[in-house]
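Asks: So that you have it, the file is query19.cif, and it contains mmCIF, C-alpha atoms:
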```
data_entry
#
loop_
_atom_site.label_atom_id
_atom_site.label_comp_id
_atom_site.auth_asym_id
_atom_site.auth_seq_id
_atom_site.Cartn_x
_atom_site.Cartn_y
_atom_site.Cartn_z
CA MET R 7 74.20 -75.05 63.20
CA LYS R 8 71.35 -76.91 61.56
CA LYS R 9 67.94 -75.33 62.23
CA VAL R 10 64.84 -77.54 62.12
CA PRO R 11 61.42 -75.88 61.72
CA PHE R 12 59.07 -76.00 64.72
CA ASN R 13 56.30 -78.02 63.03
CA GLU R 14 58.77 -80.54 61.61
CA VAL R 15 60.17 -81.20 65.08
CA LEU R 16 56.70 -81.81 66.55
CA THR R 17 55.72 -84.09 63.68
CA ARG R 18 58.90 -86.07 64.03
CA ALA R 19 58.38 -86.46 67.77
CA ARG R 20 54.74 -87.53 67.33
CA PHE R 21 55.67 -90.47 65.12
CA ASN R 22 58.72 -91.57 67.15
CA LYS R 23 57.45 -94.37 69.38
CA ALA R 24 60.86 -94.70 71.04
CA LYS R 25 61.30 -91.03 71.95
CA ARG R 26 61.19 -91.70 75.71
CA PHE R 27 64.00 -93.50 77.53
CA PRO R 28 62.68 -96.98 78.44
CA SER R 29 61.57 -97.89 81.93
CA VAL R 30 61.62 -101.48 83.19
CA GLU R 31 58.04 -101.85 81.91
CA ASP R 32 59.06 -100.88 78.37
CA SER R 33 59.29 -103.64 75.74
CA ARG R 34 62.80 -102.43 74.92
CA PHE R 35 63.94 -103.61 78.37
CA ALA R 36 64.51 -107.36 78.69
CA ASN R 37 66.63 -109.53 80.99
CA GLY R 38 68.39 -106.57 82.52
CA LEU R 39 69.40 -105.04 79.16
CA LEU R 40 68.11 -102.24 76.96
CA PHE R 41 67.55 -103.06 73.28
CA PRO R 42 67.15 -99.75 71.39
CA SER R 43 64.67 -99.65 68.51
CA ILE R 44 66.43 -99.88 65.17
CA SER R 45 65.37 -98.21 61.94
CA ARG R 46 67.57 -100.34 59.73
CA LYS R 47 68.65 -99.03 56.34
CA PHE R 48 68.85 -102.46 54.72
CA ASN R 49 68.23 -106.17 55.29
CA LEU R 50 70.72 -109.02 55.33
CA LYS R 51 70.18 -112.45 53.85
CA GLU R 52 71.14 -115.74 55.43
CA GLN R 53 74.56 -117.08 54.38
CA GLU R 54 75.71 -113.74 52.97
CA LYS R 55 79.47 -113.35 53.32
CA ILE R 56 80.23 -110.99 56.21
CA PHE R 57 83.76 -109.69 56.67
CA THR R 58 84.38 -108.66 60.28
CA ILE R 59 87.03 -106.12 61.26
CA GLY R 60 87.74 -104.86 64.76
CA SER R 61 89.06 -105.67 68.20
CA CYS R 62 88.30 -108.64 70.45
CA PHE R 63 84.57 -107.84 70.49
CA ALA R 64 84.54 -108.47 66.73
CA ARG R 65 85.93 -111.92 67.48
CA ASN R 66 83.12 -112.46 70.02
CA ILE R 67 80.52 -111.42 67.45
CA GLU R 68 81.81 -113.91 64.88
CA LYS R 69 81.10 -116.90 67.09
CA TYR R 70 77.38 -116.14 67.11
CA LEU R 71 77.10 -115.25 63.43
CA LEU R 72 78.50 -118.57 62.25
CA ASP R 73 75.17 -120.38 61.93
CA ASP R 74 73.58 -117.70 59.76
CA PHE R 75 76.39 -116.22 57.68
CA THR R 76 79.66 -117.05 55.92
CA LEU R 77 82.65 -115.59 57.80
CA PRO R 78 86.03 -115.60 55.97
CA THR R 79 87.82 -114.38 59.11
CA ARG R 80 86.99 -117.62 60.93
CA ASP R 81 88.82 -119.67 58.31
CA ILE R 82 92.33 -118.36 58.88
CA ASP R 83 94.95 -121.11 58.77
CA LEU R 84 97.01 -121.01 61.97
CA SER R 85 98.87 -124.29 61.56
CA GLY R 86 102.56 -124.01 62.39
CA LEU R 87 102.34 -120.49 63.80
CA ILE R 88 103.85 -119.82 67.22
CA LEU R 89 102.74 -116.22 67.66
CA ILE R 90 99.58 -117.19 69.55
CA ASP R 91 98.08 -119.99 71.57
CA ILE R 92 95.76 -121.47 68.95
CA GLY R 93 93.91 -123.39 71.63
CA ASN R 94 92.16 -120.17 72.64
CA ALA R 95 88.47 -119.90 71.74
CA ASN R 96 89.12 -116.67 69.85
CA HIS R 97 91.84 -118.37 67.83
CA ASN R 98 91.88 -115.71 65.12
CA ARG R 99 92.69 -112.77 67.38
CA ILE R 100 95.81 -112.05 65.31
CA LEU R 101 93.27 -110.36 63.00
CA ASN R 102 92.41 -107.79 65.70
CA GLU R 103 92.56 -104.15 64.64
CA PHE R 104 92.13 -101.70 67.50
CA ASN R 105 91.97 -98.22 65.99
CA ALA R 106 90.58 -96.52 62.90
CA GLY R 107 94.08 -96.03 61.53
CA THR R 108 95.01 -99.71 61.44
CA MET R 109 91.53 -100.65 60.19
CA SER R 110 91.69 -98.15 57.36
CA GLN R 111 95.15 -99.09 56.17
CA ARG R 112 94.36 -102.82 56.35
CA ILE R 113 91.26 -102.26 54.17
CA ASN R 114 93.17 -100.07 51.73
CA TRP R 115 96.00 -102.58 51.36
CA ALA R 116 93.56 -105.40 50.66
CA LEU R 117 91.58 -103.47 48.07
CA ASP R 118 94.72 -102.12 46.40
CA ASP R 119 96.22 -105.65 46.30
CA VAL R 120 99.13 -104.62 48.51
CA LYS R 121 100.59 -107.51 50.52
CA SER R 122 101.47 -106.63 54.10
CA SER R 123 103.95 -109.54 54.05
CA ILE R 124 106.30 -107.51 51.85
CA LEU R 125 105.84 -104.19 53.65
CA PRO R 126 108.26 -102.79 56.25
CA HIS R 127 105.34 -100.99 57.92
CA GLY R 128 105.22 -101.73 61.64
CA LEU R 129 107.96 -104.33 61.30
CA PHE R 130 110.62 -104.08 64.00
CA HIS R 131 113.90 -105.77 63.15
CA GLU R 132 117.04 -104.70 64.95
CA GLY R 133 120.02 -106.98 65.50
CA ASN R 134 118.70 -110.38 66.57
CA ASP R 135 115.33 -108.99 67.68
CA SER R 136 112.17 -108.93 65.55
CA ALA R 137 108.59 -108.00 66.37
CA ASP R 138 105.44 -107.09 64.46
CA PHE R 139 103.65 -104.01 65.75
CA LEU R 140 100.75 -104.52 63.34
CA ILE R 141 99.73 -107.80 64.98
CA PRO R 142 98.50 -107.68 68.59
CA ILE R 143 99.79 -110.73 70.46
CA ASN R 144 100.05 -111.57 74.14
CA ASN R 145 103.81 -111.23 74.50
CA ILE R 146 104.74 -108.39 72.15
CA GLU R 147 107.92 -107.74 74.17
CA ALA R 148 109.41 -111.08 73.14
CA SER R 149 111.42 -111.33 69.95
CA THR R 150 109.77 -113.40 67.21
CA PRO R 151 111.62 -115.07 64.32
CA LEU R 152 111.39 -112.82 61.27
CA ASP R 153 110.30 -115.63 58.98
CA MET R 154 107.41 -116.43 61.35
CA ILE R 155 106.30 -112.79 61.23
CA ILE R 156 106.34 -112.78 57.44
CA GLU R 157 104.43 -116.07 57.30
CA THR R 158 101.82 -114.76 59.74
CA ARG R 159 101.36 -111.62 57.67
CA SER R 160 100.94 -113.76 54.58
CA ARG R 161 98.17 -115.76 56.28
CA ILE R 162 96.41 -112.51 57.19
CA ASP R 163 96.75 -111.28 53.60
CA ASN R 164 95.06 -114.48 52.45
CA VAL R 165 92.09 -113.77 54.71
CA TYR R 166 91.81 -110.19 53.44
CA SER R 167 91.75 -111.42 49.84
CA HIS R 168 88.10 -112.29 50.60
CA LEU R 169 87.21 -108.70 51.50
CA LYS R 170 86.34 -107.43 48.03
CA THR R 171 84.10 -110.44 47.30
CA SER R 172 82.15 -110.20 50.56
CA ASP R 173 78.57 -108.95 50.78
CA VAL R 174 78.77 -107.07 54.07
CA LEU R 175 81.47 -105.33 56.10
CA PHE R 176 80.87 -105.47 59.87
CA LEU R 177 83.32 -103.02 61.47
CA THR R 178 83.71 -102.64 65.24
CA LEU R 179 85.55 -99.54 66.43
CA GLY R 180 87.67 -100.16 69.52
CA LEU R 181 90.10 -97.42 70.59
CA THR R 182 91.21 -93.89 69.77
CA GLU R 183 94.63 -94.19 71.46
CA ALA R 184 97.16 -95.43 68.91
CA TRP R 185 100.86 -95.64 68.07
CA TYR R 186 102.34 -94.49 64.79
CA ASP R 187 105.38 -95.65 62.82
CA GLU R 188 106.91 -92.39 61.61
CA GLU R 189 109.48 -94.13 59.43
CA ASN R 190 106.85 -95.96 57.37
CA LYS R 191 103.86 -93.65 57.94
CA CYS R 192 101.46 -96.22 59.36
CA TYR R 193 99.32 -96.82 62.42
CA LEU R 194 100.11 -99.66 64.83
CA ASN R 195 98.17 -102.04 67.08
CA ALA R 196 100.93 -102.44 69.67
CA ILE R 197 104.51 -101.56 70.52
CA ALA R 198 107.27 -103.21 72.58
CA PRO R 199 108.81 -100.51 74.82
CA SER R 200 111.64 -102.75 76.06
CA LEU R 201 112.79 -103.62 72.52
CA ILE R 202 112.54 -99.99 71.42
CA LYS R 203 114.60 -98.83 74.40
CA LYS R 204 117.11 -101.65 73.94
CA HIS R 205 117.84 -100.60 70.37
CA HIS R 206 117.56 -96.81 70.93
CA CYS R 207 114.99 -96.22 68.18
CA SER R 208 112.31 -94.30 70.07
CA ASP R 209 112.38 -91.53 67.45
CA ARG R 210 110.66 -93.88 65.00
CA PHE R 211 107.44 -94.20 67.04
CA PHE R 212 105.03 -91.74 68.58
CA PHE R 213 101.70 -91.81 70.35
CA THR R 214 98.51 -90.21 69.04
CA ASN R 215 94.88 -90.01 70.09
CA LEU R 216 92.73 -90.13 66.97
CA ASN R 217 90.10 -87.41 67.17
CA ILE R 218 86.60 -87.58 65.68
CA ASN R 219 87.48 -85.84 62.42
CA THR R 220 90.56 -87.98 61.80
CA THR R 221 88.58 -91.15 62.50
CA VAL R 222 85.85 -90.10 60.07
CA ASP R 223 88.36 -89.07 57.39
CA LEU R 224 90.34 -92.32 57.60
CA LEU R 225 87.28 -94.54 57.41
CA SER R 226 85.49 -92.43 54.80
CA GLU R 227 88.35 -93.07 52.38
CA SER R 228 88.22 -96.80 53.06
CA PHE R 229 84.42 -97.05 52.96
CA THR R 230 84.39 -95.32 49.57
CA LYS R 231 86.77 -98.00 48.27
CA VAL R 232 84.80 -100.80 49.92
CA LEU R 233 81.54 -99.72 48.31
CA ASP R 234 83.16 -99.97 44.88
CA THR R 235 83.52 -103.74 45.43
CA ASP R 236 80.84 -106.42 45.87
CA ILE R 237 80.17 -104.99 49.34
CA LYS R 238 77.16 -102.68 49.31
CA LYS R 239 76.29 -102.80 53.02
CA ILE R 240 78.42 -101.73 55.97
CA ILE R 241 77.49 -102.22 59.62
CA ILE R 242 79.44 -100.03 62.00
CA THR R 243 79.39 -100.42 65.77
CA VAL R 244 81.48 -99.50 68.81
CA SER R 245 83.02 -102.16 71.02
CA PRO R 246 81.83 -102.08 74.64
CA VAL R 247 85.19 -103.55 75.69
CA PRO R 248 86.97 -100.72 77.55
CA LEU R 249 90.47 -99.42 77.09
CA PHE R 250 92.85 -101.85 78.81
CA THR R 251 95.57 -99.29 79.54
CA THR R 252 95.72 -95.56 78.91
CA PHE R 253 98.82 -93.61 77.93
CA PHE R 254 97.36 -90.37 79.30
CA PRO R 255 98.10 -89.22 82.88
CA ARG R 256 94.54 -89.94 84.05
CA ASP R 257 92.41 -92.85 85.19
CA ALA R 258 91.84 -95.50 82.52
CA VAL R 259 88.09 -95.36 83.26
CA ILE R 260 87.97 -91.71 82.19
CA SER R 261 90.19 -92.26 79.13
CA SER R 262 88.05 -95.19 78.05
CA SER R 263 84.81 -93.22 78.42
CA LYS R 264 86.18 -90.33 76.37
CA SER R 265 87.49 -92.69 73.70
CA LYS R 266 84.14 -94.47 73.33
CA ALA R 267 82.25 -91.17 73.18
CA MET R 268 84.47 -89.98 70.33
CA LEU R 269 84.06 -93.26 68.46
CA LYS R 270 80.27 -93.21 68.84
CA ILE R 271 80.08 -89.73 67.35
CA ALA R 272 82.41 -90.75 64.51
CA ALA R 273 80.31 -93.86 63.81
CA HIS R 274 77.11 -91.81 63.59
CA ARG R 275 78.77 -89.28 61.30
CA LEU R 276 79.85 -92.08 58.98
CA ALA R 277 76.34 -93.56 59.00
CA ASP R 278 74.91 -90.13 58.14
CA LYS R 279 77.50 -89.48 55.44
CA PHE R 280 77.01 -92.75 53.58
CA LYS R 281 73.20 -92.65 53.93
CA ASP R 282 71.69 -96.00 52.88
CA LYS R 283 75.04 -97.83 52.67
CA VAL R 284 76.31 -97.59 56.26
CA ASP R 285 74.18 -98.47 59.28
CA TYR R 286 74.93 -98.06 62.98
CA PHE R 287 74.18 -101.00 65.28
CA PRO R 288 74.02 -100.19 69.04
CA SER R 289 75.99 -103.10 70.50
CA TYR R 290 77.78 -100.65 72.82
CA GLU R 291 74.51 -99.30 74.19
CA ILE R 292 73.04 -102.77 74.74
CA VAL R 293 76.03 -104.16 76.65
CA LYS R 294 76.69 -101.05 78.73
CA SER R 295 73.03 -100.92 79.79
CA GLY R 296 73.71 -104.08 81.80
CA GLY R 297 76.38 -102.37 83.90
CA THR R 298 79.31 -104.35 85.27
CA GLU R 299 77.09 -107.46 85.46
CA ALA R 300 77.45 -107.71 81.67
CA PHE R 301 81.21 -108.22 82.01
CA ARG R 302 83.48 -110.94 83.34
CA ARG R 303 85.40 -110.45 86.58
CA ASP R 304 88.05 -108.35 84.81
CA ASN R 305 85.37 -105.74 83.96
CA ILE R 306 86.83 -105.77 80.44
CA HIS R 307 85.58 -108.77 78.50
CA VAL R 308 81.87 -109.18 77.84
CA LYS R 309 80.20 -112.36 79.08
CA ASP R 310 79.41 -114.84 76.33
CA GLU R 311 75.72 -114.94 77.18
CA ILE R 312 75.50 -111.16 76.76
CA VAL R 313 77.25 -111.25 73.37
CA GLU R 314 74.83 -113.97 72.31
CA LYS R 315 71.84 -111.79 73.24
CA VAL R 316 73.31 -108.86 71.31
CA ILE R 317 73.80 -110.93 68.16
CA ASN R 318 70.42 -112.64 68.47
CA TYR R 319 68.86 -109.17 68.51
CA PHE R 320 70.98 -108.14 65.52
CA ILE R 321 69.88 -111.20 63.53
CA LYS R 322 66.22 -110.68 64.48
CA GLU R 323 66.35 -107.07 63.29
CA TYR R 324 68.40 -107.49 60.09
CA ILE R 325 67.68 -110.84 58.49
CA SER R 326 64.90 -110.54 55.93
#
```
Take the structure in the file and give it back as structure tokens.
Replies:
Amino acid sequence: MKKVPFNEVLTRARFNKAKRFPSVEDSRFANGLLFPSISRKFNLKEQEKIFTIGSCFARNIEKYLLDDFTLPTRDIDLSGLILIDIGNANHNRILNEFNAGTMSQRINWALDDVKSSILPHGLFHEGNDSADFLIPINNIEASTPLDMIIETRSRIDNVYSHLKTSDVLFLTLGLTEAWYDEENKCYLNAIAPSLIKKHHCSDRFFFTNLNINTTVDLLSESFTKVLDTDIKKIIITVSPVPLFTTFFPRDAVISSSKSKAMLKIAAHRLADKFKDKVDYFPSYEIVKSGGTEAFRRDNIHVKDEIVEKVINYFIKEYIS
């Protein structure tokens, strides 16, 4: 337990202009949303190269950073691929990483010059059926030609070759619930239960809920590697997009709330641990302050106009 002296606490409170939760008259409240005061650790410069990693909210963020920054993840070549509908606005969602395990290993592979296209990790290939449990796609239950999987992984590797030469890492934590490939010792973004049952290989995969300490440990290792590259600034945030489906015997609303609480604590611990190198941005707090009105009819995906407000605030606060 950390003990803070009485006088230090009072001094700290006296100089904290944002110590009270904002009312509707507060300047931090605007257009139905709360915009917490930010004591940023560093500035960003226009057209710096930002490498974004995370779930679908990371893809939303990219769209509104395009005018001010260089984004390697937006330049992925999807020509000839059949894994996704490339007509979708978030065309690069094959880059989605949902949990700290998959994010960490993807970073480590890129910085260690390991090509995922030659790895068996998360690759399901039994009989005539193939699937990639590292890449989240709409119809994971359908078999995909093995050569298409390898080609898709190669395209992703090409994107991640830009990681070590980027200026900023913008990482959005999504979920704590994850699947694990015991055979190859790696975390997964998805599984295909019907294929696994069909080929009787359930012993290869198991479910895990990444706790706070595991999340911090996984990302601490990766952040240490990242900060040895050209990247000297890391923004970490938590996605306001809730858990789609829970694998616990409880309501998804409760599982999602617990998951986000754990990720928020982990994010703050990482920001504290890496001092002036890792900063926490409250995108989760801003979006959730708008209630269900901030989301589309599915109560999952954030409305575009809300994402735009979040990123406009981010740019206002961070660009020097």
Asks: Please enumerate the residues selected by the PyMOL selection byres ((chain R and resi 140) around 9) when evaluated against the supplied file, formatted as an mmCIF file with C-alpha atoms, in the coordinates of the input.
Replies:
```
data_model
loop_
_atom_site.group_PDB
_atom_site.id
_atom_site.type_symbol
_atom_site.label_atom_id
_atom_site.label_comp_id
_atom_site.auth_asym_id
_atom_site.auth_seq_id
_atom_site.Cartn_x
_atom_site.Cartn_y
_atom_site.Cartn_z
ATOM 1 C CA GLU R 103 92.560 -104.150 64.640
ATOM 2 C CA THR R 108 95.010 -99.710 61.440
ATOM 3 C CA HIS R 127 105.340 -100.990 57.920
ATOM 4 C CA GLY R 128 105.220 -101.730 61.640
ATOM 5 C CA LEU R 129 107.960 -104.330 61.300
ATOM 6 C CA ASP R 138 105.440 -107.090 64.460
ATOM 7 C CA PHE R 139 103.650 -104.010 65.750
ATOM 8 C CA ILE R 141 99.730 -107.800 64.980
ATOM 9 C CA PRO R 142 98.500 -107.680 68.590
ATOM 10 C CA TYR R 193 99.320 -96.820 62.420
ATOM 11 C CA LEU R 194 100.110 -99.660 64.830
ATOM 12 C CA ASN R 195 98.170 -102.040 67.080
ATOM 13 C CA ALA R 196 100.930 -102.440 69.670
ATOM 14 C CA ILE R 197 104.510 -101.560 70.520
#
```
Asks: To verify the selection step, state as number ranges by chain which residues the PyMOL selection byres ((chain R and resi 272-286) around 7) yields on this input.
Replies: R: 46-47, 218, 221-222, 238-243, 268-271, 287-288
Asks: Store the residues of this selection in a file with C-alpha atoms, as a compact mmCIF listing (two decimals), in the frame of the given file.
Replies:
```
# COMPACT_ATOMS: atom_id res chain seq x y z
CA ARG R 46 67.57 -100.34 59.73
CA LYS R 47 68.65 -99.03 56.34
CA ILE R 218 86.60 -87.58 65.68
CA THR R 221 88.58 -91.15 62.50
CA VAL R 222 85.85 -90.10 60.07
CA LYS R 238 77.16 -102.68 49.31
CA LYS R 239 76.29 -102.80 53.02
CA ILE R 240 78.42 -101.73 55.97
CA ILE R 241 77.49 -102.22 59.62
CA ILE R 242 79.44 -100.03 62.00
CA THR R 243 79.39 -100.42 65.77
CA MET R 268 84.47 -89.98 70.33
CA LEU R 269 84.06 -93.26 68.46
CA LYS R 270 80.27 -93.21 68.84
CA ILE R 271 80.08 -89.73 67.35
CA PHE R 287 74.18 -101.00 65.28
CA PRO R 288 74.02 -100.19 69.04
```
Asks: I'd like to know which of R:Asp187, R:Asp310, R:Asp173, R:Glu132 is closest to Lys203 of chain R, using only C-alpha atoms.
Replies: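 With only C-alpha atoms as the atom set, the closest residue is R:Glu132.
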Asks: Using all atoms listed in the file, which residues of segment 84-193 of chain R come within 12 Å of segment 67-75 of chain R, and what is the closest atom pair for each, with the distance in Å to one decimal? Give it as CSV, sorted by chain and residue number.
Replies:
```
residue,atom,partner,partner_atom,distance
R:Ala95,CA,R:Lys69,CA,9.2
R:Asn96,CA,R:Lys69,CA,8.5
R:His97,CA,R:Lys69,CA,10.9
R:Asn98,CA,R:Glu68,CA,10.2
R:Arg99,CA,R:Glu68,CA,11.2
R:Ser172,CA,R:Phe75,CA,11.0
R:Asp173,CA,R:Phe75,CA,10.3
R:Val174,CA,R:Phe75,CA,10.1
R:Phe176,CA,R:Ile67,CA,9.6
R:Leu177,CA,R:Ile67,CA,10.7
R:Thr178,CA,R:Ile67,CA,9.6
```
Asks: Env of Tyr186 of chain R: 8 Å cut, atoms = all atoms listed in the file, seq-sep filter 5 positions within chain, self excluded. Answer as number ranges by chain.
Replies: R: 191-194, 211-214
Asks: Could those selected residues go to a file with C-alpha atoms, as a short mmCIF file (atom, residue, chain, number, x, y, z; two decimals), keeping the file's coordinate frame?
Replies:
```cif
data_model
loop_
_atom_site.label_atom_id
_atom_site.label_comp_id
_atom_site.auth_asym_id
_atom_site.auth_seq_id
_atom_site.Cartn_x
_atom_site.Cartn_y
_atom_site.Cartn_z
CA LYS R 191 103.86 -93.65 57.94
CA CYS R 192 101.46 -96.22 59.36
CA TYR R 193 99.32 -96.82 62.42
CA LEU R 194 100.11 -99.66 64.83
CA PHE R 211 107.44 -94.20 67.04
CA PHE R 212 105.03 -91.74 68.58
CA PHE R 213 101.70 -91.81 70.35
CA THR R 214 98.51 -90.21 69.04
#
```
Asks: Pull out every residue that the PyMOL selection byres ((chain R and resi 12-27) around 12) matches in the shown coordinates and put them as a list in words.
Replies: Lys9, Val10, Pro11, Pro28, Ser29, Val30, Glu31, Asp32, Ser33, Arg34, Phe35, Leu40, Phe41, Pro42, Ser43, Ile44, Ser45 and Ser295 of chain R
Asks: Hey, can you spit out that residue selection with C-alpha atoms as a compact mmCIF listing (two decimals), in the frame of the given file?
Replies:
```
# COMPACT_ATOMS: atom_id res chain seq x y z
CA LYS R 9 67.94 -75.33 62.23
CA VAL R 10 64.84 -77.54 62.12
CA PRO R 11 61.42 -75.88 61.72
CA PRO R 28 62.68 -96.98 78.44
CA SER R 29 61.57 -97.89 81.93
CA VAL R 30 61.62 -101.48 83.19
CA GLU R 31 58.04 -101.85 81.91
CA ASP R 32 59.06 -100.88 78.37
CA SER R 33 59.29 -103.64 75.74
CA ARG R 34 62.80 -102.43 74.92
CA PHE R 35 63.94 -103.61 78.37
CA LEU R 40 68.11 -102.24 76.96
CA PHE R 41 67.55 -103.06 73.28
CA PRO R 42 67.15 -99.75 71.39
CA SER R 43 64.67 -99.65 68.51
CA ILE R 44 66.43 -99.88 65.17
CA SER R 45 65.37 -98.21 61.94
CA SER R 295 73.03 -100.92 79.79
```
Asks: Smallest atom-to-atom distance to Ser261 of chain R: which of R:Met154, R:Glu183, R:Ile202, R:Lys309, using all atoms listed in the file?
Replies: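 Among the listed residues, the smallest separation from Ser261 of chain R belongs to R:Glu183.
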Asks: Nearest to Pro246 of chain R among R:Pro78, R:Gly107, R:Gly133, R:Gly180, with distances taken over all atoms listed in the file: which residue is it?
Replies: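 Among R:Pro78, R:Gly107, R:Gly133, R:Gly180, it is R:Gly180 that comes nearest to Pro246 of chain R.
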Asks: Please determine the residues with any atom at most 7 Å from (82.8, -111.4, 73.5) (coordinates as given in the file, with only C-alpha atoms counting) and report them as a list in words.
Replies: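 Taken together, the residues in range are Cys62, Phe63, Arg65, Asn66, Ile67, His307, Val308, Lys309, Asp310 and Val313 of chain R.
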Asks: Report, as lines of an AutoDock Vina configuration file, the centre and edge lengths in Å (one decimal) of the axis-aligned box enclosing every listed atom of segment 185-194 of chain R, padded by 4 Å on each side.
Replies:
```
center_x = 104.4
center_y = -96.0
center_z = 62.7
size_x = 18.2
size_y = 15.3
size_z = 18.7
```
Asks: As a CSV table (one decimal), keeping the file's coordinate frame, please: segment 150-170 of chain R completed to N, CA and C atoms.
Replies:
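Output file result-v1.csv is given in full below:
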```csv
chain,number,residue,atom,x,y,z
R,150,THR,N,110.4,-112.3,68.0
R,150,THR,CA,109.8,-113.4,67.2
R,150,THR,C,110.6,-113.6,66.0
R,151,PRO,N,110.8,-114.8,65.6
R,151,PRO,CA,111.6,-115.1,64.3
R,151,PRO,C,111.0,-114.3,63.1
R,152,LEU,N,111.9,-113.6,62.4
R,152,LEU,CA,111.4,-112.8,61.3
R,152,LEU,C,110.6,-113.6,60.3
R,153,ASP,N,111.0,-114.8,60.0
R,153,ASP,CA,110.3,-115.6,59.0
R,153,ASP,C,108.9,-116.0,59.5
R,154,MET,N,108.7,-116.1,60.8
R,154,MET,CA,107.4,-116.4,61.4
R,154,MET,C,106.5,-115.2,61.2
R,155,ILE,N,107.1,-114.0,61.4
R,155,ILE,CA,106.3,-112.8,61.2
R,155,ILE,C,105.8,-112.7,59.8
R,156,ILE,N,106.7,-112.9,58.9
R,156,ILE,CA,106.3,-112.8,57.4
R,156,ILE,C,105.3,-113.8,57.1
R,157,GLU,N,105.4,-115.0,57.6
R,157,GLU,CA,104.4,-116.1,57.3
R,157,GLU,C,103.1,-115.7,57.9
R,158,THR,N,103.1,-115.2,59.1
R,158,THR,CA,101.8,-114.8,59.7
R,158,THR,C,101.1,-113.7,58.9
R,159,ARG,N,101.9,-112.7,58.5
R,159,ARG,CA,101.4,-111.6,57.7
R,159,ARG,C,100.8,-112.2,56.4
R,160,SER,N,101.4,-113.1,55.8
R,160,SER,CA,100.9,-113.8,54.6
R,160,SER,C,99.6,-114.4,54.8
R,161,ARG,N,99.4,-115.1,56.0
R,161,ARG,CA,98.2,-115.8,56.3
R,161,ARG,C,97.1,-114.7,56.4
R,162,ILE,N,97.4,-113.6,57.0
R,162,ILE,CA,96.4,-112.5,57.2
R,162,ILE,C,96.0,-111.9,55.8
R,163,ASP,N,97.0,-111.7,55.0
R,163,ASP,CA,96.8,-111.3,53.6
R,163,ASP,C,95.8,-112.2,52.9
R,164,ASN,N,96.0,-113.5,53.1
R,164,ASN,CA,95.1,-114.5,52.4
R,164,ASN,C,93.6,-114.3,52.9
R,165,VAL,N,93.4,-114.0,54.2
R,165,VAL,CA,92.1,-113.8,54.7
R,165,VAL,C,91.5,-112.5,54.1
R,166,TYR,N,92.3,-111.5,54.0
R,166,TYR,CA,91.8,-110.2,53.4
R,166,TYR,C,91.6,-110.2,51.9
R,167,SER,N,92.0,-111.3,51.3
R,167,SER,CA,91.8,-111.4,49.8
R,167,SER,C,90.3,-111.7,49.6
R,168,HIS,N,89.5,-112.0,50.7
R,168,HIS,CA,88.1,-112.3,50.6
R,168,HIS,C,87.3,-111.0,50.8
R,169,LEU,N,87.9,-109.9,51.2
R,169,LEU,CA,87.2,-108.7,51.5
R,169,LEU,C,86.4,-108.2,50.3
R,170,LYS,N,87.0,-108.1,49.2
R,170,LYS,CA,86.3,-107.4,48.0
R,170,LYS,C,85.2,-108.3,47.5
```
